[in-house]
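Everything on this sheet refers to the single structure shown next.
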Amino acid sequence: MSDRITVRAPAKINLHLGVGGPRDDGFHPLETVYTSIGLYDDVVATAAPAWSLGLDAASYVDASAVPLDDSNIVAAAARALSALHGVPVVADVTITKGIPVAGGLAGGSADAAAALVALDRLLALETSDDDLLRIAAELGSDVPFALVGGHALGTGRGEVVTPLPVTDTVLWWVVVPSTSGGLSTPAVYRHFDALNPGASPEPSPATAVVEALASGDARALAAALHNDLQAAAVDLRPDLGSLISLGEAHGALRGIVSGSGPTVVFLCADADAARGLAGVLQEDGRTALVANGPVAGAHLVNGL
Ligand code: C5P
């Protein structure tokens, strides 16, 4: 048994995000198509006699708002494993963030998924896949997808994931995080409710995106991309609308707000187009990251 385990988990983009009017529990019914991209958070878990949590971040990530106390989702993941197995779950844990925080890319969910896998392996808990997915769903709507990766259909509040076939097509993205702070997911959902009073409980169907993904044609996928939260995010942050226009004028097939935002993602025809667009946006003084996908969900990168 290794006394140090590193697990890597990817960011997500919603290729389709259909949102219905709120349920009695306040959550919104979703029909979404998740895809994973090659932007990652790593969680390193090292054997230790007591719990400790540390944080490191890439230069383009502002992690100052990430709590390191019991409210961190990684601490919640450890408590959930402890409750399931009836044993203490302690370790020295470090999160290294490559996924922008509060950006609509599910960075916190990636941390939770990576922590579940890392702590399970470190402590040889042998949690079943079903239990891991169930605990993940309790931790947050996007956590199960961070375990699974690839492309997947998400229903319920997003936590019920059904893998979709992965074709040979590599999707090339330019990811533009906000440099003026994140957007709170609950605040964007609340604004969606204000803009859509009496919204149907039925989320808009993901059929067009599912078919475009199966065709392997990036142009068809670009035309089908859809985000019901985009109007709310752009209303809260009008600068996102002009950023989308800028990217689409410089070679992107399509730009959309990622999840609840404020990160904007541009789908490009190929690697050259993505690098070209990133260069233009960087010259404009923005952070612009090239990432491709789909990629694997939470996976070990060392130890066994
Ligand atoms: O599930 P998660 O903890 O990621 O959700 C964060 C917040 O986002 C929820 O408390 C809720 O306000 C909002 N949300 C929602 N409907 C969903 C998912 C999230 O209203 N399907």
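Numbering starts fresh at 1 for the residues of each chain in the structure tokens, the chains themselves are lettered A, B, ... in the order given, and ligands are numbered from 1 as they appear.
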Can you tell me, as a JSON list (two decimals) with C-alpha atoms, in the first residue's frame, what residues are no more than 10 Å from Ala50 of chain A when counting only C-alpha atoms, ignoring any on the same chain fewer than 2 positions away?
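Output (part31.json):
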```json
[["chain", "number", "residue", "atom", "x", "y", "z"],
["A", 47, "ALA", "CA", -0.74, 9.03, 5.27],
["A", 48, "ALA", "CA", -0.79, 11.08, 8.52],
["A", 52, "SER", "CA", -4.82, 18.55, 7.45],
["A", 88, "PRO", "CA", -11.71, 7.58, 10.88],
["A", 89, "VAL", "CA", -10.62, 9.07, 7.54],
["A", 90, "VAL", "CA", -7.56, 11.21, 8.24],
["A", 91, "ALA", "CA", -4.71, 12.19, 5.94],
["A", 92, "ASP", "CA", -2.54, 15.10, 4.95]]
```
Please report as a Markdown table every residue of chain A lying within 6 Å of ligand 1, along with the nearest atom pair and their distance in Å (one decimal), using only C-alpha atoms and all ligand atoms.
```
| residue | atom | partner | partner_atom_place_in_ligand_line | distance |
| --- | --- | --- | --- | --- |
| A:Gly26 | CA | ligand 1 | 20 (O) | 5.9 |
| A:Phe27 | CA | ligand 1 | 20 (O) | 3.7 |
| A:His28 | CA | ligand 1 | 16 (N) | 3.8 |
| A:Pro29 | CA | ligand 1 | 21 (N) | 5.5 |
| A:Leu30 | CA | ligand 1 | 21 (N) | 5.6 |
| A:Gly140 | CA | ligand 1 | 1 (O) | 3.7 |
| A:Ser141 | CA | ligand 1 | 1 (O) | 3.7 |
| A:Asp142 | CA | ligand 1 | 4 (O) | 5.9 |
| A:Arg157 | CA | ligand 1 | 21 (N) | 3.5 |
| A:Gly158 | CA | ligand 1 | 21 (N) | 5.5 |
| A:Thr185 | CA | ligand 1 | 8 (O) | 4.9 |
| A:Pro186 | CA | ligand 1 | 12 (O) | 3.7 |
| A:Tyr189 | CA | ligand 1 | 20 (O) | 5.4 |
```
### Task
Extract, using only C-alpha atoms, all DNA, RNA and protein residues at most 7 Å from segment 148-155 of chain A, discarding same-chain residues fewer than 2 positions from it, and format them as a PyMOL selection string.
chain A and resi 30-36+144-146+157-164+166+294-297
Can you list, as a CSV table (one decimal) with C-alpha atoms, in the first residue's frame, every residue of segment 3-102 of chain A that DSSP puts in strand (DSSP E or B)?
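Result file part-v1.csv:
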```csv
chain,number,residue,atom,x,y,z
A,4,ARG,CA,1.0,8.9,-0.9
A,5,ILE,CA,-1.7,8.9,-3.6
A,6,THR,CA,-2.2,11.6,-6.3
A,7,VAL,CA,-5.5,11.7,-8.1
A,8,ARG,CA,-6.3,14.1,-11.0
A,9,ALA,CA,-9.9,15.2,-11.9
A,10,PRO,CA,-11.0,17.3,-14.9
A,11,ALA,CA,-13.1,20.4,-15.4
A,12,LYS,CA,-16.5,20.1,-17.1
A,13,ILE,CA,-18.3,22.0,-19.7
A,14,ASN,CA,-22.1,21.7,-20.3
A,15,LEU,CA,-22.6,21.3,-24.0
A,16,HIS,CA,-26.3,21.5,-23.4
A,17,LEU,CA,-27.8,22.8,-20.1
A,18,GLY,CA,-31.5,22.6,-20.1
A,19,VAL,CA,-33.0,24.0,-16.8
A,30,LEU,CA,-31.7,19.5,-15.5
A,31,GLU,CA,-31.2,17.8,-18.8
A,32,THR,CA,-27.5,18.4,-19.5
A,33,VAL,CA,-24.7,17.0,-21.6
A,34,TYR,CA,-21.4,17.1,-19.7
A,35,THR,CA,-18.1,16.9,-21.4
A,36,SER,CA,-14.7,16.8,-19.7
A,37,ILE,CA,-11.7,18.9,-20.7
A,38,GLY,CA,-8.0,18.8,-20.0
A,39,LEU,CA,-7.9,21.3,-17.2
A,40,TYR,CA,-7.3,19.6,-13.9
A,41,ASP,CA,-7.2,19.8,-10.2
A,42,ASP,CA,-4.9,17.3,-8.4
A,43,VAL,CA,-5.5,16.0,-4.9
A,44,VAL,CA,-2.5,14.5,-3.1
A,45,ALA,CA,-3.3,12.4,0.0
A,46,THR,CA,-0.5,11.4,2.3
A,52,SER,CA,-4.8,18.5,7.5
A,53,LEU,CA,-5.7,20.4,4.2
A,54,GLY,CA,-3.5,22.6,2.1
A,55,LEU,CA,-3.8,24.4,-1.2
A,56,ASP,CA,-1.7,25.3,-4.1
A,57,ALA,CA,-2.9,26.9,-7.4
A,92,ASP,CA,-2.5,15.1,4.9
A,93,VAL,CA,-4.3,16.4,1.8
A,94,THR,CA,-3.2,19.0,-0.7
A,95,ILE,CA,-5.3,20.4,-3.5
A,96,THR,CA,-3.5,21.8,-6.5
A,97,LYS,CA,-5.9,23.9,-8.5
```
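Of note, atom CA of Ala232 of chain A and atom CA of Val188 of chain A are spaced 6.1 Å apart.
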#### Entry: Residue contacts of segment 248-257 of chain A (8 Å, only C-alpha atoms) excluding same-chain residues fewer than 6 positions away, as a list in words
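Those residues are Arg219, Ala222, Ala223, Leu225, His226, Asn227, Gln230, Ala233, Leu240, Thr263, Val264, Val265, Phe266, Leu267, Cys268, Ala269, Ala273, Ala274, Gly276, Leu277 and Val280 of chain A.
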### Task
Write out as a PyMOL selection string each polymer residue whose atoms come within 12 Å of Leu125 of chain A, counting only C-alpha atoms; drop sequence neighbours fewer than 2 positions from it.
chain A and resi 1+78+81-89+116-123+127-129+131-132
### Spatial neighbours of Pro177 of chain A, max dist 10 Å, only C-alpha atoms, sep filter under 3 positions, as a PyMOL selection string
chain A and resi 60-61+99-105+174+180-182+258+261-265+286-289
Written file, previous selection with C-alpha atoms, as a PDB file, in the first residue's frame:
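Written out: selection_20.pdb:
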```
ATOM      1  CA  TYR A  60      -4.006  31.979 -13.452  1.00  0.00           C
ATOM      2  CA  VAL A  61      -6.195  30.649 -10.602  1.00  0.00           C
ATOM      3  CA  ILE A  99      -9.359  24.789 -12.672  1.00  0.00           C
ATOM      4  CA  PRO A 100     -10.521  28.388 -12.117  1.00  0.00           C
ATOM      5  CA  VAL A 101     -12.538  28.804  -8.895  1.00  0.00           C
ATOM      6  CA  ALA A 102     -16.292  29.700  -8.976  1.00  0.00           C
ATOM      7  CA  GLY A 103     -16.086  29.688 -12.751  1.00  0.00           C
ATOM      8  CA  GLY A 104     -18.800  27.271 -13.876  1.00  0.00           C
ATOM      9  CA  LEU A 105     -16.208  24.561 -14.579  1.00  0.00           C
ATOM     10  CA  VAL A 174     -10.317  27.960 -25.567  1.00  0.00           C
ATOM     11  CA  SER A 180     -12.847  40.041 -12.082  1.00  0.00           C
ATOM     12  CA  GLY A 181     -14.151  37.405  -9.683  1.00  0.00           C
ATOM     13  CA  GLY A 182     -16.425  34.366  -9.911  1.00  0.00           C
ATOM     14  CA  SER A 258     -19.755  27.529 -19.109  1.00  0.00           C
ATOM     15  CA  GLY A 261     -20.316  31.177 -15.536  1.00  0.00           C
ATOM     16  CA  PRO A 262     -18.482  33.474 -15.608  1.00  0.00           C
ATOM     17  CA  THR A 263     -15.960  31.385 -17.570  1.00  0.00           C
ATOM     18  CA  VAL A 264     -16.574  31.590 -21.329  1.00  0.00           C
ATOM     19  CA  VAL A 265     -15.549  28.644 -23.510  1.00  0.00           C
ATOM     20  CA  ARG A 286      -6.937  38.109 -21.084  1.00  0.00           C
ATOM     21  CA  THR A 287      -6.152  34.694 -19.667  1.00  0.00           C
ATOM     22  CA  ALA A 288      -6.976  32.190 -22.425  1.00  0.00           C
ATOM     23  CA  LEU A 289      -6.246  28.487 -21.956  1.00  0.00           C
TER      24      LEU A 289
END
```
### Separation of atom CA of Asn196 of chain A from atom CA of Arg237 of chain A in Å
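So the two atoms, atom CA of Arg237 of chain A and atom CA of Asn196 of chain A, lie 17.7 Å apart.
Of the listed residues A:Leu171, A:Ala194, A:Ala63, A:Ile244, the one whose atoms come nearest to Ala218 of chain A is A:Leu171, with distances taken using only C-alpha atoms.
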